[in-house]
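One file, my_file_17.cif, carrying mmCIF, C-alpha atoms:
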data_upload
loop_
_atom_site.label_atom_id
_atom_site.label_comp_id
_atom_site.auth_asym_id
_atom_site.auth_seq_id
_atom_site.Cartn_x
_atom_site.Cartn_y
_atom_site.Cartn_z
CA MET U 160 20.83 -53.36 -59.85
CA ASN U 161 20.80 -54.30 -56.20
CA PRO U 162 24.04 -53.16 -54.55
CA ILE U 163 23.40 -55.17 -51.39
CA ALA U 164 25.64 -58.21 -50.93
CA LYS U 165 23.88 -61.60 -51.00
CA THR U 166 25.34 -62.93 -47.77
CA PRO U 167 24.37 -66.27 -46.20
CA LYS U 168 22.59 -66.79 -42.91
CA PRO U 169 24.69 -65.46 -39.96
CA PRO U 170 27.08 -65.93 -38.33
CA TYR U 171 29.73 -64.58 -40.70
CA TYR U 172 32.21 -61.72 -40.54
CA ALA U 173 32.16 -58.10 -41.74
CA VAL U 174 35.19 -55.87 -42.27
CA VAL U 175 34.11 -52.23 -42.18
CA PHE U 176 36.66 -49.94 -43.85
CA THR U 177 35.86 -46.25 -43.37
CA SER U 178 38.25 -43.83 -45.01
CA LEU U 179 39.00 -40.27 -46.01
CA ARG U 180 41.10 -39.93 -49.15
CA THR U 181 43.92 -37.55 -49.92
CA ASP U 182 43.94 -35.60 -53.21
CA ASN U 183 46.50 -38.04 -54.60
CA GLU U 184 44.82 -40.00 -57.43
CA ASP U 185 48.02 -41.73 -58.56
CA GLY U 186 47.01 -45.32 -59.29
CA TYR U 187 44.11 -45.23 -56.85
CA GLU U 188 41.13 -46.10 -59.08
CA GLN U 189 42.98 -48.85 -60.90
CA THR U 190 44.20 -50.43 -57.67
CA ALA U 191 40.81 -50.11 -55.95
CA LYS U 192 39.15 -52.00 -58.81
CA LYS U 193 41.89 -54.60 -58.91
CA MET U 194 41.67 -55.19 -55.15
CA ALA U 195 37.86 -55.56 -55.24
CA ALA U 196 38.18 -58.13 -58.02
CA LEU U 197 41.01 -59.96 -56.29
CA ALA U 198 39.20 -59.99 -52.93
CA SER U 199 36.21 -61.64 -54.57
CA GLU U 200 38.42 -64.57 -55.66
CA GLN U 201 39.72 -65.29 -52.16
CA PRO U 202 38.63 -68.29 -50.08
CA GLY U 203 35.84 -67.37 -47.71
CA PHE U 204 34.81 -64.16 -49.52
CA LEU U 205 31.03 -63.65 -49.27
CA GLY U 206 30.40 -60.22 -50.77
CA ILE U 207 31.29 -56.52 -50.80
CA GLU U 208 29.44 -53.20 -50.59
CA SER U 209 31.17 -49.92 -51.28
CA VAL U 210 30.08 -46.28 -51.33
CA ARG U 211 32.19 -43.14 -51.70
CA GLU U 212 31.08 -39.55 -51.81
CA GLU U 213 32.85 -37.44 -54.42
CA GLY U 214 35.66 -35.71 -52.50
CA GLY U 215 34.38 -37.09 -49.21
CA PRO U 216 34.45 -40.17 -47.02
CA GLY U 217 34.02 -43.74 -48.20
CA ILE U 218 32.73 -46.88 -46.55
CA THR U 219 33.50 -50.34 -47.90
CA VAL U 220 32.14 -53.40 -46.12
CA SER U 221 33.43 -56.80 -47.15
CA TYR U 222 31.92 -60.02 -45.83
CA TRP U 223 33.84 -63.17 -45.01
CA LYS U 224 33.20 -66.69 -43.81
CA ASP U 225 35.50 -66.47 -40.80
CA LYS U 226 38.57 -64.77 -39.31
CA ASP U 227 40.98 -67.05 -41.15
CA SER U 228 39.67 -65.88 -44.52
CA ILE U 229 40.02 -62.23 -43.39
CA ARG U 230 43.60 -62.90 -42.30
CA GLY U 231 44.37 -64.62 -45.59
CA TRP U 232 43.22 -61.61 -47.59
CA LYS U 233 45.02 -59.14 -45.31
CA ASN U 234 48.27 -61.02 -45.90
CA HIS U 235 47.87 -61.49 -49.68
CA ALA U 236 51.01 -60.08 -51.34
CA ALA U 237 49.25 -57.78 -53.85
CA HIS U 238 46.93 -56.53 -51.13
CA GLN U 239 49.86 -55.82 -48.83
CA GLN U 240 51.42 -53.65 -51.54
CA ALA U 241 48.09 -51.82 -51.93
CA GLN U 242 47.93 -51.31 -48.16
CA ARG U 243 51.39 -49.70 -48.22
CA PHE U 244 50.37 -47.29 -51.01
CA GLY U 245 47.16 -46.57 -49.10
CA LYS U 246 49.09 -45.44 -46.04
CA GLU U 247 51.72 -43.56 -48.04
CA LYS U 248 49.57 -41.63 -50.50
CA TRP U 249 45.85 -42.40 -50.83
CA TYR U 250 44.36 -42.02 -47.34
CA GLN U 251 44.40 -39.22 -44.81
CA HIS U 252 42.55 -41.35 -42.27
CA TYR U 253 41.01 -44.77 -42.21
CA ARG U 254 39.67 -47.22 -39.68
CA ILE U 255 39.16 -50.95 -40.11
CA ARG U 256 36.73 -52.78 -37.86
CA VAL U 257 36.46 -56.56 -37.85
CA ALA U 258 33.05 -57.65 -36.61
CA LYS U 259 31.08 -60.85 -36.28
CA VAL U 260 27.61 -60.54 -37.83
CA GLU U 261 25.12 -62.10 -35.45
CA LYS U 262 21.86 -61.11 -37.12
CA ASP U 263 20.61 -59.60 -40.37
CA TYR U 264 17.29 -58.66 -41.92
CA GLY U 265 16.01 -56.39 -44.64
CA LEU U 266 13.60 -55.36 -47.33
CA MET C 241 37.08 -32.84 -40.68
CA ASN C 242 37.53 -36.50 -39.81
CA PRO C 243 34.35 -38.45 -40.65
CA ILE C 244 35.51 -41.54 -38.78
CA ALA C 245 33.66 -42.26 -35.54
CA LYS C 246 35.74 -42.06 -32.36
CA THR C 247 34.77 -45.42 -30.96
CA PRO C 248 36.22 -46.91 -27.76
CA LYS C 249 38.38 -50.00 -27.50
CA PRO C 250 36.46 -53.14 -28.67
CA PRO C 251 34.31 -55.03 -27.99
CA TYR C 252 31.32 -52.93 -29.01
CA TYR C 253 28.57 -53.32 -31.62
CA ALA C 254 28.12 -52.07 -35.19
CA VAL C 255 24.84 -51.83 -37.09
CA VAL C 256 25.55 -51.77 -40.83
CA PHE C 257 22.62 -50.34 -42.81
CA THR C 258 23.07 -50.69 -46.57
CA SER C 259 20.28 -49.28 -48.70
CA LEU C 260 19.09 -48.33 -52.13
CA ARG C 261 16.65 -45.42 -52.19
CA THR C 262 13.53 -44.93 -54.26
CA ASP C 263 12.98 -41.64 -56.13
CA ASN C 264 10.57 -40.52 -53.40
CA GLU C 265 12.15 -37.58 -51.57
CA ASP C 266 9.05 -36.79 -49.51
CA GLY C 267 10.34 -36.00 -46.02
CA TYR C 268 13.44 -38.12 -46.46
CA GLU C 269 16.26 -35.61 -45.85
CA GLN C 270 14.53 -34.04 -42.88
CA THR C 271 13.81 -37.39 -41.25
CA ALA C 272 17.30 -38.74 -41.96
CA LYS C 273 18.85 -35.73 -40.19
CA LYS C 274 16.39 -35.97 -37.32
CA MET C 275 17.06 -39.68 -36.84
CA ALA C 276 20.86 -39.21 -36.86
CA ALA C 277 20.52 -36.49 -34.20
CA LEU C 278 18.08 -38.53 -32.13
CA ALA C 279 20.22 -41.69 -32.36
CA SER C 280 23.19 -39.76 -30.98
CA GLU C 281 21.18 -38.94 -27.83
CA GLN C 282 20.32 -42.57 -27.05
CA PRO C 283 21.93 -44.55 -24.21
CA GLY C 284 24.85 -46.61 -25.47
CA PHE C 285 25.33 -44.66 -28.72
CA LEU C 286 29.04 -44.54 -29.63
CA GLY C 287 29.16 -42.93 -33.07
CA ILE C 288 27.91 -42.95 -36.66
CA GLU C 289 29.41 -42.94 -40.15
CA SER C 290 27.30 -42.38 -43.22
CA VAL C 291 28.00 -42.19 -46.95
CA ARG C 292 25.55 -41.98 -49.84
CA GLU C 293 26.27 -41.70 -53.54
CA GLU C 294 24.01 -39.27 -55.38
CA GLY C 295 21.25 -41.46 -56.86
CA GLY C 296 22.99 -44.62 -55.69
CA PRO C 297 23.48 -46.84 -52.68
CA GLY C 298 24.14 -45.67 -49.15
CA ILE C 299 25.92 -47.23 -46.19
CA THR C 300 25.38 -45.99 -42.65
CA VAL C 301 27.22 -47.66 -39.78
CA SER C 302 26.19 -46.80 -36.24
CA TYR C 303 28.16 -47.99 -33.23
CA TRP C 304 26.67 -49.04 -29.91
CA LYS C 305 27.78 -50.20 -26.50
CA ASP C 306 25.77 -53.43 -26.54
CA LYS C 307 22.73 -55.21 -27.96
CA ASP C 308 20.38 -53.65 -25.41
CA SER C 309 21.21 -50.16 -26.64
CA ILE C 310 20.61 -51.27 -30.26
CA ARG C 311 17.25 -52.74 -29.25
CA GLY C 312 16.31 -49.56 -27.38
CA TRP C 313 16.95 -47.42 -30.47
CA LYS C 314 15.14 -49.86 -32.77
CA ASN C 315 12.06 -49.62 -30.56
CA HIS C 316 12.14 -45.83 -30.07
CA ALA C 317 8.71 -44.48 -31.10
CA ALA C 318 9.95 -41.78 -33.51
CA HIS C 319 12.40 -44.23 -35.05
CA GLN C 320 9.64 -46.82 -35.50
CA GLN C 321 7.61 -44.26 -37.45
CA ALA C 322 10.67 -43.49 -39.60
CA GLN C 323 11.16 -47.24 -40.20
CA ARG C 324 7.56 -47.50 -41.45
CA PHE C 325 8.05 -44.60 -43.88
CA GLY C 326 11.34 -46.16 -44.95
CA LYS C 327 9.63 -49.40 -45.96
CA GLU C 328 6.64 -47.65 -47.53
CA LYS C 329 8.31 -44.97 -49.60
CA TRP C 330 12.04 -44.26 -49.21
CA TYR C 331 13.82 -47.56 -49.82
CA GLN C 332 13.76 -50.07 -52.65
CA HIS C 333 16.06 -52.42 -50.78
CA TYR C 334 17.95 -52.38 -47.54
CA ARG C 335 19.79 -54.77 -45.30
CA ILE C 336 20.64 -54.34 -41.64
CA ARG C 337 23.44 -56.34 -40.09
CA VAL C 338 24.11 -56.37 -36.37
CA ALA C 339 27.72 -57.25 -35.66
CA LYS C 340 30.05 -57.42 -32.68
CA VAL C 341 33.26 -55.52 -33.31
CA GLU C 342 36.14 -57.65 -32.07
CA LYS C 343 39.10 -55.64 -33.35
CA ASP C 344 39.84 -52.26 -34.90
CA TYR C 345 42.87 -50.36 -36.13
CA GLY C 346 43.64 -47.52 -38.45
CA LEU C 347 45.63 -44.55 -39.67
#

Using structure tokens, write down the structure from this file.
Amino acid sequence: MNPIAKTPKPPYYAVVFTSLRTDNEDGYEQTAKKMAALASEQPGFLGIESVREEGGPGITVSYWKDKDSIRGWKNHAAHQQAQRFGKEKWYQHYRIRVAKVEKDYGL
Amino acid sequence: MNPIAKTPKPPYYAVVFTSLRTDNEDGYEQTAKKMAALASEQPGFLGIESVREEGGPGITVSYWKDKDSIRGWKNHAAHQQAQRFGKEKWYQHYRIRVAKVEKDYGL
């Protein structure tokens, strides 16, 4: 399986979510899966890549057509609830960076 | 320890490197460490975040002041050698995305 998102030719947008979890597992896995599935149904969604080290940091990069589609997903009601739980119990630290992909290449 | 890079106020650049390794470990760990250390000494380097799942995909995001500093690191002689080995033996697939960070926020 190739875990690399099949994104179109740039330009498009990337949202880089880097996080460090707490020890609180309450509902985390279930919600993380649900949010990944729900994100993929949103208008403008182009792909997602996600890696987490056991007990360590995680990086999830989601790709979007434009800033409007990112805003739409950020404001989605179920996602907003997940964001609240994230701040309250699942994450010690996180940072979200919204970036415009100008160029890509690979192997 | 906080694994999240202490980047300045945007705009700045992100290079998202998503990869799937081969089983070939020959020199990989040593070179990966050396390249992370060397990258951090380059002009315009702002930070790096890296996560790899055991036997699975990895995502490394490095942050840079501008496109010139990204180009300088891409063309660094020791890094070029590492890139050759990467294509020849360490990676099955990878994708590099160069993106301009417009906004960031976090917890």

Exercise. Near chain C, which residues of chain U fall within 6 Å when you count all atoms listed in the file, and what do they look like as a ChimeraX atom specification?
Worked result: /U:212,252-266

Exercise. So what do you get for CA of Asp263 (chain C) versus CA of Trp330 (chain C), distance-wise?
Worked result: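 Pair CA of Asp263 (chain C) / CA of Trp330 (chain C) returns 7.5 Å.
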
Exercise. Which residues come within 7 Å of region 306-321 of chain C, counting all atoms listed in the file, excluding same-chain residues fewer than 6 positions away, as a list in words?
Worked result: Tyr252, Tyr253, Met275, Ala279, Gln282, Pro283 and Gly284 of chain C

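When CA of Glu328 (chain C) is paired with CA of Gly295 (chain C), their separation reads 18.4 Å.
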
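Rounded to one decimal, CA of Glu200 (chain U) and CA of Asn183 (chain U) lie 27.8 Å from each other.
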
For this session: For the file shown, report as an MDAnalysis selection string the outcome of the PyMOL selection byres ((chain U and resi 205) around 8) at residue level.
Result: chainID U and resid 164:167 199 203:204 206:207 221:224

Exercise. Taking the file as shown, what set of residues would the PyMOL selection byres ((chain U and resi 186) around 10) give back, as a PyMOL selection string?
Worked result: chain U and resi 183-185+187-191+241+244+248-249

Completion step: region 263-282 of chain C with N, CA, C and O atoms as an mmCIF file, in the coordinates of the input:
data_model
loop_
_atom_site.group_PDB
_atom_site.id
_atom_site.type_symbol
_atom_site.label_atom_id
_atom_site.label_comp_id
_atom_site.auth_asym_id
_atom_site.auth_seq_id
_atom_site.Cartn_x
_atom_site.Cartn_y
_atom_site.Cartn_z
ATOM 1 N N ASP C 263 12.923 -43.040 -55.692
ATOM 2 C CA ASP C 263 12.980 -41.640 -56.130
ATOM 3 C C ASP C 263 12.160 -40.735 -55.214
ATOM 4 O O ASP C 263 12.139 -39.519 -55.401
ATOM 5 N N ASN C 264 11.459 -41.302 -54.262
ATOM 6 C CA ASN C 264 10.570 -40.520 -53.400
ATOM 7 C C ASN C 264 11.362 -39.744 -52.336
ATOM 8 O O ASN C 264 11.937 -40.330 -51.428
ATOM 9 N N GLU C 265 11.375 -38.422 -52.486
ATOM 10 C CA GLU C 265 12.150 -37.580 -51.570
ATOM 11 C C GLU C 265 11.304 -37.064 -50.409
ATOM 12 O O GLU C 265 11.816 -36.371 -49.521
ATOM 13 N N ASP C 266 10.017 -37.365 -50.463
ATOM 14 C CA ASP C 266 9.050 -36.790 -49.510
ATOM 15 C C ASP C 266 9.441 -36.994 -48.043
ATOM 16 O O ASP C 266 9.242 -38.078 -47.481
ATOM 17 N N GLY C 267 9.992 -35.955 -47.442
ATOM 18 C CA GLY C 267 10.340 -36.000 -46.020
ATOM 19 C C GLY C 267 11.634 -36.721 -45.710
ATOM 20 O O GLY C 267 12.041 -36.774 -44.546
ATOM 21 N N TYR C 268 12.288 -37.261 -46.729
ATOM 22 C CA TYR C 268 13.440 -38.120 -46.460
ATOM 23 C C TYR C 268 14.601 -37.394 -45.771
ATOM 24 O O TYR C 268 15.071 -37.826 -44.715
ATOM 25 N N GLU C 269 15.071 -36.305 -46.384
ATOM 26 C CA GLU C 269 16.260 -35.610 -45.850
ATOM 27 C C GLU C 269 16.034 -35.148 -44.415
ATOM 28 O O GLU C 269 16.896 -35.307 -43.551
ATOM 29 N N GLN C 270 14.864 -34.561 -44.201
ATOM 30 C CA GLN C 270 14.530 -34.040 -42.880
ATOM 31 C C GLN C 270 14.529 -35.165 -41.833
ATOM 32 O O GLN C 270 15.101 -35.033 -40.751
ATOM 33 N N THR C 271 13.890 -36.277 -42.191
ATOM 34 C CA THR C 271 13.810 -37.390 -41.250
ATOM 35 C C THR C 271 15.182 -38.026 -41.030
ATOM 36 O O THR C 271 15.529 -38.388 -39.903
ATOM 37 N N ALA C 272 15.964 -38.149 -42.098
ATOM 38 C CA ALA C 272 17.300 -38.740 -41.960
ATOM 39 C C ALA C 272 18.145 -37.922 -40.978
ATOM 40 O O ALA C 272 18.822 -38.484 -40.103
ATOM 41 N N LYS C 273 18.093 -36.599 -41.112
ATOM 42 C CA LYS C 273 18.850 -35.730 -40.190
ATOM 43 C C LYS C 273 18.330 -35.856 -38.763
ATOM 44 O O LYS C 273 19.102 -35.933 -37.811
ATOM 45 N N LYS C 274 16.996 -35.877 -38.640
ATOM 46 C CA LYS C 274 16.390 -35.970 -37.320
ATOM 47 C C LYS C 274 16.768 -37.292 -36.641
ATOM 48 O O LYS C 274 17.095 -37.334 -35.453
ATOM 49 N N MET C 275 16.748 -38.365 -37.406
ATOM 50 C CA MET C 275 17.060 -39.680 -36.840
ATOM 51 C C MET C 275 18.540 -39.778 -36.433
ATOM 52 O O MET C 275 18.858 -40.347 -35.394
ATOM 53 N N ALA C 276 19.433 -39.190 -37.225
ATOM 54 C CA ALA C 276 20.860 -39.210 -36.860
ATOM 55 C C ALA C 276 21.067 -38.435 -35.551
ATOM 56 O O ALA C 276 21.807 -38.884 -34.664
ATOM 57 N N ALA C 277 20.391 -37.297 -35.422
ATOM 58 C CA ALA C 277 20.520 -36.490 -34.200
ATOM 59 C C ALA C 277 19.930 -37.228 -33.000
ATOM 60 O O ALA C 277 20.525 -37.261 -31.912
ATOM 61 N N LEU C 278 18.764 -37.827 -33.213
ATOM 62 C CA LEU C 278 18.080 -38.530 -32.130
ATOM 63 C C LEU C 278 18.875 -39.779 -31.701
ATOM 64 O O LEU C 278 19.016 -40.062 -30.504
ATOM 65 N N ALA C 279 19.400 -40.510 -32.665
ATOM 66 C CA ALA C 279 20.220 -41.690 -32.360
ATOM 67 C C ALA C 279 21.371 -41.305 -31.440
ATOM 68 O O ALA C 279 21.662 -42.000 -30.462
ATOM 69 N N SER C 280 21.994 -40.172 -31.743
ATOM 70 C CA SER C 280 23.190 -39.760 -30.980
ATOM 71 C C SER C 280 22.875 -39.410 -29.533
ATOM 72 O O SER C 280 23.786 -39.290 -28.717
ATOM 73 N N GLU C 281 21.591 -39.237 -29.217
ATOM 74 C CA GLU C 281 21.180 -38.940 -27.830
ATOM 75 C C GLU C 281 20.809 -40.199 -27.046
ATOM 76 O O GLU C 281 20.483 -40.115 -25.858
ATOM 77 N N GLN C 282 20.802 -41.347 -27.719
ATOM 78 C CA GLN C 282 20.320 -42.570 -27.050
ATOM 79 C C GLN C 282 21.399 -43.177 -26.139
ATOM 80 O O GLN C 282 22.585 -43.058 -26.415
#
